[in-house]
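Encoded as structure tokens, the structure appears first; notes follow it.
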Amino acid sequence: MRTRAIQAVIAAAAVVLVVGGCGGRDEADDAVASGDCQGQQTTGLTDTSMKLGGIFPLSGPASAYAELPKGMQAYFEYVNNEQGGIDGRKVEYLLRDDGYQPPKTVEETRRLVEQDQVFALLSTLGTPTSAAVWDYVNQREVPQIFVAGGATQWGIGDGHPWTIGWQPSYHSEGQVFARYVKEQKPDATVAVLYQNDDFGKDLLASFTEATAGSGVRVIAEQSYEVTDPTVDPQLRNLANSKADVLLNFATPKFAAQTLAADARNPEWNPLHILSQVSSTMSVLAPVGFPNVQNVVTSVFVKDPADPQWTDDPGMKLYRDKVAQYVPGADPADGYTLVGWAMAQSFHKTFDAATCKTREGLRDAMRSLDNVEIDLLLPGITLQTGEGDGYPMEAMQIQRFEGERWVLAGDLVDTSGR
């Protein structure tokens with residue numbers, strides 16, 4: 001068993017995007033299976049359809065993440081039209097906007113569960129937003145599968161068996177960054193900008209824990225709120241520390257501001273480490289590629305801009321089908337790619353379920369056995385089991401050079417296997 005340190009209301013109307021032409025029936029809450037799976041929940045399922053719900057910040061300060069469900073949408077269009085759906089069921093995907101505001105997440109989750117009668121939530125994005133509803137969905141016994149966020153809490157304990165994350169945890173990411181800093185600058189002083197919630201605190205706590213007893217020291221910390229207009233004052237304070245390393249533990253809007261502020265200050269040139277949740281081209285390009293040279297981040301998926309994946313079958317399929325089914329999406333955007341990979345992960349998890357029910361999905365997502373996903377880096381598979389609720393725990397460092405990320409070093413597995 002792996003141990004972990006413990007431990008994210010705008011629009012008036014919710015946005016609904018339906019993938020697939022099938023109309024789900026109006027199931028009652030007590031729809032159940034028969035036969036070998038007798039009594040298990042089949043709400044949101046028919047023999048020919050599956051209704052899923054997703055909640056993302058399509059507006060507000062974290063709206064850069066709105067690209068992620070486009071990748072899911074493309075994947076479901078592809079399987080609906082070319083593979084007959086998932087296990088013979090066409091997928092109807094209902095997408096809601098919470099503006100990255102927990103009260104709105106609660107409202108939209110209740111709507112999806114009680115009004116739309118979805119089979120499962122795939123997925124909710126963010127730590128405070130997802131945490132606002134995980135008690136509710138677990139009480140209702142609705143799978144909250146592959147939460148889009150790396151909070152440590154998604155994988156620990158047994159109090160929320162219906163919720164599971166997907167990407168490597170922030171605890172794992174903090175360990176990977178700590179290892180890199182200790183190797184590159186063993187006596188480094190470190191300044192940290194972090195979001196004042198479990199996302200930022202998880203990363204900071206993990207990094208601090210992993211560097212304890214070494215020559216690496218955190219000498220300056222500044223936090224921000226997602227409602228802040230800018231983090232420029234925090235960056236001025238951090239620059240005064242003259243630290244050797246800057247940890248940029250921020251979501252896209254604020255990560256871009258931090259990169260830009262660093263580039264504007266010629267008197268401070270720290271090693272700039274960027275959280276992987278903000279490492280896409282949509283964050284870097286507006287800052288200007290010349291201004292983000294040698295920035296470091298972590299990664300667990302293949303980069304669509306990396307020429308080594310040009311002829312990769314999974315990458316070619318992804319690019320072709322995104323262009324075909326969601327032409328407004330950008331296949332070069334890392335968030336779009338992650339959405340496709342998450343949807344394929346759901347597909348394979350549902351296929352592995354013994355019972356095609358909510359209970360069957362719950363059990364399958366907690367017993368993943370080295371499941372291969374096309375767009376994950378070689379060597380990374382999905383694996384969970386008793387006492388282990390983390391599907392992925394390996395990452396690799398990459399550095400920005402020229403106009404793209406370049407992989408550096410070896411894959412780092414933090415699972416302790």
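Every chain in the structure tokens takes a letter, A first, then B, and so on in the order presented; its residues are numbered from 1, and the ligands are numbered from 1 following the presented order.
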
Quiz item: Residues at most 12 Å from A:Phe199, counting only C-alpha atoms, excluding those fewer than 6 positions away in the same chain, as number ranges by chain?
Solution: A: 6-8, 125-131, 148-154, 169-171, 173-174, 193, 205-206, 223-226, 249-251, 275-277

Practice problem: Write out as a PyMOL selection string the residues lying within 7 Å of stretch 75-86 of chain A, counting only C-alpha atoms and excluding same-chain residues fewer than 2 positions away. | Solution: chain A and resi 19-20+71-73+88-91+321+325+340+343+347

Quiz item: Got a sec to tell me which of stretch 166-324 of chain A DSSP assigns to strand (DSSP E or B), as a list of chain:residue names?
Solution: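 Those residues are A:Thr189, A:Val190, A:Ala191, A:Val192, A:Leu193, A:Tyr194, A:Gln195, A:Arg217, A:Val218, A:Ile219, A:Ala220, A:Glu221, A:Gln222, A:Ser223, A:Tyr224, A:Val245, A:Leu246, A:Leu247, A:Asn248, A:Phe249, A:Leu271, A:His272, A:Ile273, A:Leu274, A:Val296, A:Thr297, A:Ser298, A:Val299, A:Val301.
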
Stretch 141-193 of chain A residues near stretch 49-65 of chain A within 12 Å, closest pair each, using only C-alpha atoms, as CSV:
```
residue,atom,partner,partner_atom,distance
A:Val142,CA,A:Leu52,CA,10.8
A:Pro143,CA,A:Leu52,CA,10.1
A:Gln144,CA,A:Gly54,CA,9.5
A:Ile145,CA,A:Gly54,CA,10.0
A:Phe146,CA,A:Gly54,CA,10.6
A:Val147,CA,A:Gly54,CA,9.8
A:Ala148,CA,A:Phe56,CA,9.1
A:Gly149,CA,A:Tyr65,CA,11.1
```

Self-check item: Non-local contacts of A:Ser279 (9 Å; only C-alpha atoms; under 2 positions in same chain excluded) as a list of chain:residue names
Solution: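 Skipping anything fewer than 2 positions along the chain leaves A:Pro252, A:Ala255, A:Leu274, A:Ser275, A:Gln276, A:Val277, A:Met281, A:Ser282, A:Val283, A:Leu284, A:Thr297, A:Ser298, A:Val299, A:Gly334.
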
Quiz prompt | Best match for closeness to A:Lys70 among A:Ser172, A:Leu94, A:Thr354, A:Val245, counting only C-alpha atoms | solution =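 Result for the nearest residue to A:Lys70: A:Leu94.
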
Exercise. Could you tell me, as a ChimeraX atom specification, which residues of stretch 45-192 of chain A DSSP assigns to helix (DSSP H, G or I) when given the backbone?
Key: /A:63-82,102-115,127-139,152-155,170-184

Per-residue nearest contacts stretch 119-179 of chain A to stretch 357-367 of chain A, cut-off 12 Å, using only C-alpha atoms, as CSV:
```
residue,atom,partner,partner_atom,distance
A:Phe119,CA,A:Arg358,CA,6.8
A:Ala120,CA,A:Arg358,CA,7.4
A:Leu121,CA,A:Arg358,CA,10.8
A:Leu122,CA,A:Leu361,CA,11.9
A:Val137,CA,A:Arg358,CA,11.8
A:Asn138,CA,A:Arg362,CA,10.7
A:Arg140,CA,A:Arg358,CA,10.8
A:Glu141,CA,A:Arg358,CA,7.7
A:Val142,CA,A:Arg358,CA,6.7
A:Pro143,CA,A:Arg362,CA,6.2
A:Gln144,CA,A:Arg362,CA,8.9
A:Ile145,CA,A:Met365,CA,7.6
A:Phe146,CA,A:Met365,CA,8.8
A:Val147,CA,A:Met365,CA,12.0
A:Trp154,CA,A:Arg366,CA,11.7
A:Gly155,CA,A:Arg366,CA,9.8
A:Ile156,CA,A:Arg366,CA,11.8
A:Asp158,CA,A:Arg366,CA,10.9
A:His160,CA,A:Arg362,CA,10.6
A:Pro161,CA,A:Arg362,CA,7.2
A:Trp162,CA,A:Arg362,CA,5.8
A:Thr163,CA,A:Arg362,CA,8.2
A:Ile164,CA,A:Met365,CA,7.6
A:Gly165,CA,A:Met365,CA,9.7
A:Trp166,CA,A:Met365,CA,9.9
```

Practice problem: Between atom CA of A:Arg264 and atom CA of A:Leu203, measure the distance and give it in Å to one decimal. | Solution: 25.6 Å

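Between A:Glu67 and the candidates A:Val326, A:Val406, A:Ala285, A:Val216, the tightest atom-to-atom separation, counting only C-alpha atoms, involves A:Val326.
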
Practice problem: Go through A:Ser123, A:Thr336, A:Thr105, A:Ser278 one by one, measure the shortest atom-to-atom distance of each to A:Phe254 using only C-alpha atoms, and give the residue with the smallest value. | Solution: A:Ser278

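Atom CA of A:Asp303 is found 17.9 Å from atom CA of A:Ile273.
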
Practice problem: Enter the distance from atom CA of A:Glu372 to atom CA of A:Thr414, in Å, rounded to one decimal. | Solution: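 Computing it gives 18.4 Å between the two atoms.
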
Exercise. For A:Pro168, list every protein, DNA or RNA residue within 9 Å, evaluated using only C-alpha atoms, and leave out those in the same chain fewer than 6 positions away; present the list as a ChimeraX atom specification.
Key: /A:149-151,300,390-395

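With only C-alpha atoms as the basis for measurement, A:Lys302 is the residue among A:Arg111, A:Lys185, A:Lys302, A:Arg179 that approaches A:Ile380 most closely.
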
Quiz prompt | Selection near stretch 228-244 of chain A, 12 Å with only C-alpha atoms, sequence-local residues under 5 positions removed, as a VMD selection string | solution = chain A and resid 60 to 61 181 184 to 196 216 to 223 249 to 251 253 to 273
